[in-house]
$ cat final-v4.cif   # mmCIF, C-alpha atoms and all ligand atoms
data_start
#
loop_
_atom_site.label_atom_id
_atom_site.label_comp_id
_atom_site.auth_asym_id
_atom_site.auth_seq_id
_atom_site.Cartn_x
_atom_site.Cartn_y
_atom_site.Cartn_z
CA MET A 1 -11.76 14.52 14.32
CA ASP A 2 -14.01 13.62 11.39
CA SER A 3 -16.02 10.50 12.30
CA ILE A 4 -15.03 8.54 9.19
CA LEU A 5 -11.34 9.17 9.80
CA ALA A 6 -11.71 8.31 13.48
CA THR A 7 -13.41 5.01 12.54
CA ALA A 8 -10.71 4.14 10.00
CA ILE A 9 -7.96 4.84 12.53
CA MET A 10 -9.74 2.86 15.24
CA ALA A 11 -10.19 -0.10 12.88
CA ALA A 12 -6.51 0.01 11.86
CA GLU A 13 -5.30 0.21 15.45
CA LEU A 14 -7.58 -2.60 16.67
CA ALA A 15 -6.49 -4.84 13.78
CA GLY A 16 -2.87 -3.81 14.38
CA THR A 17 -3.09 -4.85 18.03
CA LYS A 18 -4.32 -8.31 16.95
CA ILE A 19 -1.52 -8.62 14.38
CA LYS A 20 1.09 -7.57 16.92
CA HIS A 21 -0.23 -10.14 19.41
CA TYR A 22 0.24 -12.92 16.84
CA PHE A 23 3.64 -11.56 15.84
CA HIS A 24 4.77 -12.09 19.42
CA ASN A 25 2.90 -15.42 19.77
CA PHE A 26 3.87 -16.83 16.44
CA ASP A 27 3.56 -20.53 17.36
CA SER A 28 -0.23 -20.21 17.36
CA VAL A 29 -0.41 -18.96 13.74
CA GLN A 30 -1.65 -21.46 11.17
CA ILE A 31 -0.80 -20.77 7.57
CA GLU A 32 -2.75 -21.73 4.44
CA SER A 33 -1.51 -21.53 0.88
CA LYS A 34 -3.59 -19.60 -1.70
CA GLY A 35 -1.13 -20.63 -4.43
CA ARG A 36 2.60 -20.78 -4.99
CA ASN A 37 4.28 -18.31 -2.58
CA ASP A 38 0.86 -16.83 -1.80
CA PHE A 39 -0.16 -17.42 1.81
CA VAL A 40 -2.92 -16.40 4.15
CA SER A 41 -3.08 -16.98 7.88
CA LYS A 42 -5.73 -16.66 10.55
CA VAL A 43 -4.03 -13.37 11.35
CA ASP A 44 -5.11 -11.85 8.00
CA LYS A 45 -8.65 -13.18 8.45
CA GLU A 46 -9.13 -12.15 12.07
CA ALA A 47 -7.64 -8.70 11.47
CA GLU A 48 -9.94 -8.23 8.49
CA GLN A 49 -13.00 -9.21 10.52
CA ILE A 50 -12.09 -6.68 13.22
CA ILE A 51 -11.82 -3.94 10.58
CA ILE A 52 -15.11 -4.84 8.90
CA ASP A 53 -16.97 -5.11 12.23
CA THR A 54 -15.63 -1.71 13.33
CA ILE A 55 -16.65 -0.06 10.07
CA LEU A 56 -20.10 -1.63 9.79
CA LYS A 57 -20.89 -0.85 13.42
CA ASN A 58 -20.49 2.83 12.56
CA PHE A 59 -21.55 2.80 8.89
CA PRO A 60 -23.82 -0.23 8.35
CA ASN A 61 -24.76 0.73 4.77
CA HIS A 62 -21.29 1.26 3.34
CA GLN A 63 -19.78 -1.09 0.75
CA ILE A 64 -16.75 -3.20 1.58
CA ASN A 65 -14.02 -4.53 -0.72
CA ALA A 66 -11.65 -6.54 1.44
CA GLU A 67 -8.79 -8.78 0.34
CA GLU A 68 -9.71 -11.97 2.19
CA SER A 69 -13.53 -11.85 2.29
CA GLY A 70 -14.31 -10.03 -0.95
CA ILE A 71 -17.06 -7.57 -1.78
CA LYS A 72 -20.10 -6.66 0.30
CA ALA A 73 -22.09 -4.55 -2.12
CA ASN A 74 -24.49 -2.43 -0.11
CA ASN A 75 -26.51 0.34 -1.70
CA SER A 76 -24.04 3.14 -0.96
CA ASP A 77 -21.58 5.39 -2.80
CA TYR A 78 -19.09 4.87 0.01
CA LYS A 79 -16.68 1.94 -0.47
CA TRP A 80 -14.05 0.76 1.99
CA ILE A 81 -10.99 -0.88 0.41
CA ILE A 82 -9.18 -3.04 2.96
CA ASP A 83 -5.91 -4.93 3.19
CA PRO A 84 -5.83 -6.28 6.75
CA LEU A 85 -2.16 -7.27 6.54
CA ASP A 86 -0.03 -5.87 3.74
CA GLY A 87 3.32 -7.62 3.85
CA THR A 88 2.14 -11.13 4.76
CA THR A 89 5.38 -12.70 3.56
CA ASN A 90 7.34 -10.46 5.93
CA PHE A 91 4.94 -11.29 8.78
CA LEU A 92 5.30 -15.03 8.18
CA HIS A 93 9.08 -14.70 8.33
CA GLN A 94 8.97 -12.58 11.50
CA PHE A 95 10.37 -9.67 9.50
CA PRO A 96 8.76 -6.68 11.27
CA HIS A 97 7.69 -4.60 8.29
CA PHE A 98 3.99 -4.88 7.42
CA ALA A 99 0.85 -2.79 7.87
CA VAL A 100 -2.91 -2.53 7.94
CA SER A 101 -4.18 -0.51 4.98
CA ILE A 102 -7.69 0.98 4.87
CA ALA A 103 -9.10 3.42 2.30
CA LEU A 104 -12.53 4.88 1.70
CA SER A 105 -13.76 6.08 -1.68
CA TYR A 106 -16.91 8.06 -2.43
CA LYS A 107 -18.30 7.62 -5.96
CA GLU A 108 -14.95 5.96 -6.84
CA GLU A 109 -12.88 8.97 -5.66
CA LEU A 110 -10.40 8.25 -2.87
CA ARG A 111 -11.33 10.31 0.20
CA TYR A 112 -9.55 8.70 3.18
CA GLY A 113 -6.46 6.56 3.64
CA VAL A 114 -4.99 5.00 6.79
CA ILE A 115 -1.88 2.81 7.02
CA TYR A 116 -0.69 1.45 10.37
CA ASN A 117 2.47 -0.49 11.14
CA PRO A 118 1.73 -2.05 14.55
CA ILE A 119 5.36 -2.91 15.26
CA SER A 120 6.88 0.53 14.68
CA GLN A 121 3.55 2.05 15.80
CA GLU A 122 3.61 4.44 12.88
CA LEU A 123 0.20 5.66 11.81
CA PHE A 124 0.00 7.34 8.40
CA TYR A 125 -3.26 8.92 7.31
CA ALA A 126 -4.82 11.42 4.93
CA GLN A 127 -8.18 12.91 4.18
CA LYS A 128 -8.81 14.38 0.73
CA GLY A 129 -7.95 18.10 0.79
CA LYS A 130 -6.71 18.01 4.40
CA GLY A 131 -3.05 16.94 4.06
CA ALA A 132 -1.18 13.82 5.14
CA TYR A 133 0.06 12.90 8.62
CA LEU A 134 2.43 10.53 10.39
CA ASN A 135 1.51 10.07 14.06
CA HIS A 136 -0.51 13.30 13.77
CA GLN A 137 2.38 15.39 12.42
CA ALA A 138 2.01 16.77 8.87
CA ILE A 139 4.26 15.06 6.30
CA GLN A 140 5.59 16.07 2.89
CA VAL A 141 7.19 14.18 0.02
CA SER A 142 10.90 14.72 -0.55
CA GLN A 143 11.93 17.68 -2.71
CA HIS A 144 14.79 15.79 -4.36
CA GLU A 145 14.58 15.94 -8.17
CA THR A 146 17.34 13.92 -9.83
CA LEU A 147 18.01 10.18 -9.99
CA GLU A 148 21.47 10.84 -8.64
CA ASN A 149 21.45 10.48 -4.81
CA ALA A 150 17.80 9.37 -4.80
CA LEU A 151 16.58 6.32 -2.88
CA VAL A 152 13.82 4.39 -4.65
CA CYS A 153 11.76 1.34 -3.79
CA THR A 154 9.77 -1.28 -5.65
CA GLY A 155 8.27 -4.74 -5.40
CA PHE A 156 9.81 -7.93 -6.79
CA PRO A 157 7.58 -10.56 -8.33
CA TYR A 158 7.31 -13.76 -6.27
CA TYR A 159 4.36 -15.73 -7.61
CA GLU A 160 3.59 -14.26 -11.04
CA PHE A 161 6.50 -13.54 -13.31
CA ASP A 162 4.94 -11.85 -16.36
CA TYR A 163 6.71 -8.56 -15.60
CA LEU A 164 10.04 -10.03 -14.52
CA GLU A 165 11.97 -8.64 -17.48
CA ASP A 166 10.54 -5.14 -16.95
CA TYR A 167 11.50 -5.22 -13.27
CA MET A 168 15.02 -6.40 -14.14
CA ASN A 169 15.38 -3.58 -16.66
CA GLY A 170 14.17 -1.02 -14.13
CA LEU A 171 16.51 -2.43 -11.46
CA ASN A 172 19.44 -2.39 -13.85
CA LEU A 173 18.83 1.27 -14.51
CA PHE A 174 18.04 2.50 -11.00
CA MET A 175 20.83 0.45 -9.37
CA GLN A 176 23.33 2.25 -11.54
CA GLN A 177 21.82 5.73 -11.49
CA THR A 178 20.42 6.24 -7.96
CA ALA A 179 21.69 5.98 -4.39
CA GLY A 180 19.95 2.62 -4.07
CA VAL A 181 16.92 0.45 -4.60
CA ARG A 182 14.90 -1.10 -1.75
CA ARG A 183 12.30 -3.91 -1.73
CA PRO A 184 10.79 -3.54 1.74
CA GLY A 185 7.83 -5.92 1.12
CA SER A 186 4.69 -3.88 1.75
CA ALA A 187 3.22 -1.76 -1.05
CA ALA A 188 1.20 0.25 1.46
CA LEU A 189 4.30 1.17 3.46
CA ASP A 190 6.27 1.83 0.27
CA LEU A 191 3.71 4.53 -0.58
CA ALA A 192 3.68 5.82 3.01
CA TYR A 193 7.49 6.12 2.84
CA VAL A 194 7.21 8.16 -0.37
CA ALA A 195 4.69 10.40 1.39
CA CYS A 196 7.02 11.18 4.30
CA GLY A 197 10.11 11.55 2.13
CA ARG A 198 12.05 8.45 3.26
CA VAL A 199 12.27 7.37 -0.38
CA GLU A 200 11.97 9.66 -3.38
CA GLY A 201 9.98 7.30 -5.57
CA TYR A 202 8.26 3.91 -5.85
CA TRP A 203 7.11 1.82 -8.77
CA GLU A 204 5.38 -1.55 -8.97
CA PHE A 205 3.25 -3.50 -11.46
CA ASN A 206 0.22 -5.70 -11.04
CA LEU A 207 -1.01 -4.78 -7.57
CA LYS A 208 -4.52 -4.99 -6.14
CA PRO A 209 -6.65 -1.97 -5.15
CA TRP A 210 -6.29 -2.75 -1.43
CA ASP A 211 -2.47 -2.68 -1.70
CA ILE A 212 -2.39 0.92 -2.95
CA ALA A 213 -5.69 2.80 -2.39
CA ALA A 214 -4.81 4.27 1.03
CA GLY A 215 -1.16 4.91 0.14
CA ALA A 216 -1.95 6.68 -3.12
CA LEU A 217 -4.14 9.23 -1.33
CA ILE A 218 -1.54 9.70 1.41
CA VAL A 219 1.12 10.42 -1.26
CA THR A 220 -1.02 12.97 -3.10
CA GLU A 221 -2.04 14.69 0.13
CA ALA A 222 1.67 14.90 1.04
CA GLY A 223 2.28 16.85 -2.18
CA GLY A 224 3.31 13.94 -4.41
CA LEU A 225 1.91 12.27 -7.49
CA ALA A 226 0.53 8.73 -7.60
CA THR A 227 -0.32 7.63 -11.13
CA ASP A 228 -0.40 4.68 -13.46
CA PHE A 229 2.39 4.40 -16.03
CA ALA A 230 0.48 6.57 -18.52
CA LYS A 231 0.54 9.29 -15.83
CA GLY A 232 -3.21 8.80 -15.46
CA GLU A 233 -5.44 7.92 -12.54
CA GLY A 234 -6.14 4.31 -13.53
CA PHE A 235 -3.78 2.69 -11.01
CA LEU A 236 -6.57 1.01 -9.01
CA GLU A 237 -7.78 -0.70 -12.19
CA SER A 238 -4.40 -1.59 -13.75
CA GLY A 239 -2.55 -2.22 -10.47
CA ASN A 240 0.47 -0.44 -11.96
CA ILE A 241 1.66 2.51 -9.89
CA LEU A 242 4.38 5.15 -9.93
CA ALA A 243 4.56 7.51 -6.94
CA ALA A 244 6.99 10.33 -6.19
CA ASN A 245 7.29 14.06 -5.75
CA PRO A 246 6.19 15.78 -9.00
CA LYS A 247 9.69 16.52 -10.41
CA PHE A 248 11.10 13.14 -9.46
CA HIS A 249 7.98 11.46 -10.86
CA GLN A 250 8.71 13.02 -14.23
CA ASN A 251 12.34 11.85 -14.17
CA MET A 252 11.43 8.38 -12.97
CA HIS A 253 8.71 8.04 -15.59
CA GLN A 254 11.13 9.10 -18.32
CA ALA A 255 13.75 6.61 -17.12
CA LEU A 256 11.26 3.73 -16.87
CA SER A 257 9.72 4.46 -20.27
CA ASN A 258 13.16 3.86 -21.84
CA VAL A 259 13.41 0.32 -20.46
CA THR A 260 9.79 -0.90 -20.08
CA LYS A 261 7.57 -2.58 -22.68
CA PRO A 262 5.45 0.15 -24.35
CA GLU A 263 2.21 -1.69 -23.57
CA LEU A 264 2.98 -1.43 -19.86
CA MET A 265 3.52 2.33 -20.11
CA ALA A 266 0.18 2.88 -21.91
C1 LIG B 301 1.84 -7.74 -1.14
C2 LIG B 301 2.76 -6.64 -0.71
C3 LIG B 301 4.01 -6.64 -1.57
C4 LIG B 301 3.70 -6.55 -3.03
C5 LIG B 301 2.75 -7.66 -3.41
C6 LIG B 301 1.48 -7.59 -2.58
P1 LIG B 301 0.22 -8.89 0.67
O1 LIG B 301 0.63 -7.71 -0.39
O2 LIG B 301 2.15 -5.37 -0.83
O3 LIG B 301 4.87 -5.56 -1.24
O4 LIG B 301 4.88 -6.66 -3.77
O5 LIG B 301 2.46 -7.66 -4.75
O6 LIG B 301 0.60 -8.62 -2.97
O7 LIG B 301 -0.04 -10.14 -0.14
O8 LIG B 301 1.34 -9.03 1.60
O9 LIG B 301 -1.02 -8.33 1.27
CA CA B 302 -1.37 -6.45 0.01
CA CA B 303 -2.78 -8.74 2.54
#

$ encode --input "final-v4.cif" --output "structure tokens"
Amino acid sequence: MDSILATAIMAAELAGTKIKHYFHNFDSVQIESKGRNDFVSKVDKEAEQIIIDTILKNFPNHQINAEESGIKANNSDYKWIIDPLDGTTNFLHQFPHFAVSIALSYKEELRYGVIYNPISQELFYAQKGKGAYLNHQAIQVSQHETLENALVCTGFPYYEFDYLEDYMNGLNLFMQQTAGVRRPGSAALDLAYVACGRVEGYWEFNLKPWDIAAGALIVTEAGGLATDFAKGEGFLESGNILAANPKFHQNMHQALSNVTKPELMA
């Protein structure tokens, strides 16, 4: 296996083992508040340190952009984008749906993505041009095209409510026109679930690069599209993402553009 991919997988699995340990020894977890409904625990911090140590041991000159410790700007075109625990709210409620998310870009182009759920022990990964995998088996997005009978997922706002009305409009529409809407609670896993065809599509506004970098590559390598709401590639900058198989993406985009503020679709 490619040494970068092997390092990313090792980092995700080591961090995942730490997270799983705390999940089963929850009394020892101290929680700090970063703001209203925005928490961080020693689990996020320790998992992140494990990931960074693993990466820098193998690639000491690479740049790091990690959620809890910020940017380490080395002189390199390689940048690791890290969310040590995506789905912290689920973790803190002992709701077993969360993941480690690690991506690597080269000259700002996504090249590698790894997402690991340590509870289900599902490892999703992709390398640019080499396909997407779940536990080492190739995965594909769903081939379903129409809103009818489709399952879609999204995020709900919980500490910033600027896009509340747009979410409610989208929910109103998809609740009535699809088989159902899910809010699982981890953007990384939402994208991984699009990639392996468990849901047909996913949309969310206002995310951070570490929530979506790995998942976006995994979706595209599984034959899907991951775009911003202008169908462009600016999702890491805007934080607004729409991911689905190509036909469903078109239908979902059309549906959302009818009920979403035009400035959000631009
Ligand atoms: C959150 C999750 C969630 C999404 C939030 C993210 P965190 O990440 O991905 O699904 O709706 O916007 O911030 O805080 O658990 O790493
Ligand atoms: Ca996150
Ligand atoms: Ca996180």

$ closest_residue --input "final-v4.cif" --among "A:Asp211, A:Asp53, A:Asp77, A:Asp190" --to "Met10 in chain A" --atoms "all atoms listed in the file"
A:Asp53

$ residues_near_ligand --input "final-v4.cif" --ligand "ligand CA 303 (chain B)" --cutoff "6 Å" --atoms "all atoms listed in the file" --output "mmCIF file with C-alpha atoms, keeping the file's coordinate frame"
data_model
loop_
_atom_site.group_PDB
_atom_site.id
_atom_site.type_symbol
_atom_site.label_atom_id
_atom_site.label_comp_id
_atom_site.auth_asym_id
_atom_site.auth_seq_id
_atom_site.Cartn_x
_atom_site.Cartn_y
_atom_site.Cartn_z
ATOM 1 C CA ASP A 83 -5.910 -4.930 3.190
ATOM 2 C CA PRO A 84 -5.830 -6.280 6.750
ATOM 3 C CA LEU A 85 -2.160 -7.270 6.540
ATOM 4 C CA ASP A 86 -0.030 -5.870 3.740
ATOM 5 C CA THR A 88 2.140 -11.130 4.760
#

$ residues_near_ligand --input "final-v4.cif" --ligand "ligand CA 302 (chain B)" --cutoff "12 Å" --atoms "all atoms listed in the file" --output "ChimeraX atom specification"
/A:38-40,44,66-68,81-91,98-102,115,155,185-190,206-215,239

$ atom_distance --input "final-v4.cif" --atom1 "CA of Gln30 in chain A" --atom2 "CA of Lys45 in chain A"
11.2 Å

$ residues_around --input "final-v4.cif" --residues "Asn172 in chain A" --least-positions-apart "2" --cutoff "12 Å" --atoms "only C-alpha atoms" --output "VMD selection string"
chain A and resid 165 to 170 174 to 178 180 to 181 255 to 256 258 to 260

$ closest_residue --input "final-v4.cif" --among "A:Lys57, A:Arg182, A:His249, A:Arg198" --to "ligand LIG 301 (chain B)" --atoms "all atoms listed in the file"
A:Arg182

$ atom_distance --input "final-v4.cif" --atom1 "CA of Ala243 in chain A" --atom2 "CA of Tyr202 in chain A"
5.3 Å

$ build_atoms --input "final-v4.cif" --residues "range 167-202 of chain A" --atoms "N, CA and C atoms" --output "PDB file, in the coordinates of the input"
ATOM      1  N   TYR A 167      10.892  -5.539 -14.567  1.00  0.00           N
ATOM      2  CA  TYR A 167      11.500  -5.220 -13.270  1.00  0.00           C
ATOM      3  C   TYR A 167      13.028  -5.243 -13.382  1.00  0.00           C
ATOM      4  N   MET A 168      13.555  -6.283 -14.046  1.00  0.00           N
ATOM      5  CA  MET A 168      15.020  -6.400 -14.140  1.00  0.00           C
ATOM      6  C   MET A 168      15.605  -5.200 -14.879  1.00  0.00           C
ATOM      7  N   ASN A 169      14.901  -4.751 -15.917  1.00  0.00           N
ATOM      8  CA  ASN A 169      15.380  -3.580 -16.660  1.00  0.00           C
ATOM      9  C   ASN A 169      15.350  -2.323 -15.784  1.00  0.00           C
ATOM     10  N   GLY A 170      14.276  -2.173 -15.022  1.00  0.00           N
ATOM     11  CA  GLY A 170      14.170  -1.020 -14.130  1.00  0.00           C
ATOM     12  C   GLY A 170      15.255  -1.068 -13.050  1.00  0.00           C
ATOM     13  N   LEU A 171      15.475  -2.275 -12.503  1.00  0.00           N
ATOM     14  CA  LEU A 171      16.510  -2.430 -11.460  1.00  0.00           C
ATOM     15  C   LEU A 171      17.886  -2.098 -12.014  1.00  0.00           C
ATOM     16  N   ASN A 172      18.159  -2.631 -13.200  1.00  0.00           N
ATOM     17  CA  ASN A 172      19.440  -2.390 -13.850  1.00  0.00           C
ATOM     18  C   ASN A 172      19.724  -0.892 -13.933  1.00  0.00           C
ATOM     19  N   LEU A 173      18.702  -0.179 -14.333  1.00  0.00           N
ATOM     20  CA  LEU A 173      18.830   1.270 -14.510  1.00  0.00           C
ATOM     21  C   LEU A 173      18.984   1.992 -13.162  1.00  0.00           C
ATOM     22  N   PHE A 174      18.026   1.733 -12.253  1.00  0.00           N
ATOM     23  CA  PHE A 174      18.040   2.500 -11.000  1.00  0.00           C
ATOM     24  C   PHE A 174      19.222   2.097 -10.094  1.00  0.00           C
ATOM     25  N   MET A 175      19.650   0.833 -10.175  1.00  0.00           N
ATOM     26  CA  MET A 175      20.830   0.450  -9.370  1.00  0.00           C
ATOM     27  C   MET A 175      22.046   1.255  -9.772  1.00  0.00           C
ATOM     28  N   GLN A 176      22.138   1.541 -11.069  1.00  0.00           N
ATOM     29  CA  GLN A 176      23.330   2.250 -11.540  1.00  0.00           C
ATOM     30  C   GLN A 176      23.201   3.769 -11.443  1.00  0.00           C
ATOM     31  N   GLN A 177      21.965   4.265 -11.392  1.00  0.00           N
ATOM     32  CA  GLN A 177      21.820   5.730 -11.490  1.00  0.00           C
ATOM     33  C   GLN A 177      21.330   6.406 -10.206  1.00  0.00           C
ATOM     34  N   THR A 178      20.922   5.618  -9.207  1.00  0.00           N
ATOM     35  CA  THR A 178      20.420   6.240  -7.960  1.00  0.00           C
ATOM     36  C   THR A 178      21.332   5.875  -6.791  1.00  0.00           C
ATOM     37  N   ALA A 179      20.946   6.340  -5.603  1.00  0.00           N
ATOM     38  CA  ALA A 179      21.690   5.980  -4.390  1.00  0.00           C
ATOM     39  C   ALA A 179      21.385   4.550  -3.958  1.00  0.00           C
ATOM     40  N   GLY A 180      20.270   3.983  -4.445  1.00  0.00           N
ATOM     41  CA  GLY A 180      19.950   2.620  -4.070  1.00  0.00           C
ATOM     42  C   GLY A 180      18.498   2.267  -4.309  1.00  0.00           C
ATOM     43  N   VAL A 181      18.266   0.961  -4.390  1.00  0.00           N
ATOM     44  CA  VAL A 181      16.920   0.450  -4.600  1.00  0.00           C
ATOM     45  C   VAL A 181      16.564  -0.436  -3.407  1.00  0.00           C
ATOM     46  N   ARG A 182      15.363  -0.293  -2.866  1.00  0.00           N
ATOM     47  CA  ARG A 182      14.900  -1.100  -1.750  1.00  0.00           C
ATOM     48  C   ARG A 182      13.665  -1.898  -2.164  1.00  0.00           C
ATOM     49  N   ARG A 183      13.511  -3.108  -1.548  1.00  0.00           N
ATOM     50  CA  ARG A 183      12.300  -3.910  -1.730  1.00  0.00           C
ATOM     51  C   ARG A 183      11.815  -4.252  -0.332  1.00  0.00           C
ATOM     52  N   PRO A 184      11.147  -3.303   0.328  1.00  0.00           N
ATOM     53  CA  PRO A 184      10.790  -3.540   1.740  1.00  0.00           C
ATOM     54  C   PRO A 184       9.739  -4.631   1.928  1.00  0.00           C
ATOM     55  N   GLY A 185       8.761  -4.800   1.002  1.00  0.00           N
ATOM     56  CA  GLY A 185       7.830  -5.920   1.120  1.00  0.00           C
ATOM     57  C   GLY A 185       6.405  -5.568   1.503  1.00  0.00           C
ATOM     58  N   SER A 186       6.075  -4.278   1.525  1.00  0.00           N
ATOM     59  CA  SER A 186       4.690  -3.880   1.750  1.00  0.00           C
ATOM     60  C   SER A 186       4.406  -2.665   0.869  1.00  0.00           C
ATOM     61  N   ALA A 187       3.531  -2.863  -0.118  1.00  0.00           N
ATOM     62  CA  ALA A 187       3.220  -1.760  -1.050  1.00  0.00           C
ATOM     63  C   ALA A 187       2.645  -0.562  -0.298  1.00  0.00           C
ATOM     64  N   ALA A 188       1.808  -0.844   0.703  1.00  0.00           N
ATOM     65  CA  ALA A 188       1.200   0.250   1.460  1.00  0.00           C
ATOM     66  C   ALA A 188       2.274   1.089   2.140  1.00  0.00           C
ATOM     67  N   LEU A 189       3.229   0.414   2.787  1.00  0.00           N
ATOM     68  CA  LEU A 189       4.300   1.170   3.460  1.00  0.00           C
ATOM     69  C   LEU A 189       5.247   1.816   2.457  1.00  0.00           C
ATOM     70  N   ASP A 190       5.438   1.186   1.299  1.00  0.00           N
ATOM     71  CA  ASP A 190       6.270   1.830   0.270  1.00  0.00           C
ATOM     72  C   ASP A 190       5.679   3.200  -0.074  1.00  0.00           C
ATOM     73  N   LEU A 191       4.367   3.248  -0.255  1.00  0.00           N
ATOM     74  CA  LEU A 191       3.710   4.530  -0.580  1.00  0.00           C
ATOM     75  C   LEU A 191       3.792   5.487   0.618  1.00  0.00           C
ATOM     76  N   ALA A 192       3.581   4.968   1.814  1.00  0.00           N
ATOM     77  CA  ALA A 192       3.680   5.820   3.010  1.00  0.00           C
ATOM     78  C   ALA A 192       5.082   6.420   3.125  1.00  0.00           C
ATOM     79  N   TYR A 193       6.097   5.632   2.757  1.00  0.00           N
ATOM     80  CA  TYR A 193       7.490   6.120   2.840  1.00  0.00           C
ATOM     81  C   TYR A 193       7.767   7.177   1.776  1.00  0.00           C
ATOM     82  N   VAL A 194       7.111   7.064   0.613  1.00  0.00           N
ATOM     83  CA  VAL A 194       7.210   8.160  -0.370  1.00  0.00           C
ATOM     84  C   VAL A 194       6.592   9.417   0.239  1.00  0.00           C
ATOM     85  N   ALA A 195       5.436   9.244   0.866  1.00  0.00           N
ATOM     86  CA  ALA A 195       4.690  10.400   1.390  1.00  0.00           C
ATOM     87  C   ALA A 195       5.494  11.163   2.441  1.00  0.00           C
ATOM     88  N   CYS A 196       6.275  10.458   3.255  1.00  0.00           N
ATOM     89  CA  CYS A 196       7.020  11.180   4.300  1.00  0.00           C
ATOM     90  C   CYS A 196       8.463  11.425   3.902  1.00  0.00           C
ATOM     91  N   GLY A 197       8.796  11.156   2.640  1.00  0.00           N
ATOM     92  CA  GLY A 197      10.110  11.550   2.130  1.00  0.00           C
ATOM     93  C   GLY A 197      11.252  10.608   2.470  1.00  0.00           C
ATOM     94  N   ARG A 198      10.950   9.389   2.967  1.00  0.00           N
ATOM     95  CA  ARG A 198      12.050   8.450   3.260  1.00  0.00           C
ATOM     96  C   ARG A 198      12.628   7.880   1.982  1.00  0.00           C
ATOM     97  N   VAL A 199      11.789   7.719   0.971  1.00  0.00           N
ATOM     98  CA  VAL A 199      12.270   7.370  -0.380  1.00  0.00           C
ATOM     99  C   VAL A 199      11.711   8.417  -1.338  1.00  0.00           C
ATOM    100  N   GLU A 200      12.437   8.637  -2.427  1.00  0.00           N
ATOM    101  CA  GLU A 200      11.970   9.660  -3.380  1.00  0.00           C
ATOM    102  C   GLU A 200      10.874   9.110  -4.289  1.00  0.00           C
ATOM    103  N   GLY A 201      10.970   7.816  -4.621  1.00  0.00           N
ATOM    104  CA  GLY A 201       9.980   7.300  -5.570  1.00  0.00           C
ATOM    105  C   GLY A 201       9.763   5.808  -5.409  1.00  0.00           C
ATOM    106  N   TYR A 202       8.661   5.325  -5.979  1.00  0.00           N
ATOM    107  CA  TYR A 202       8.260   3.910  -5.850  1.00  0.00           C
ATOM    108  C   TYR A 202       7.534   3.513  -7.128  1.00  0.00           C
TER     109      TYR A 202
END
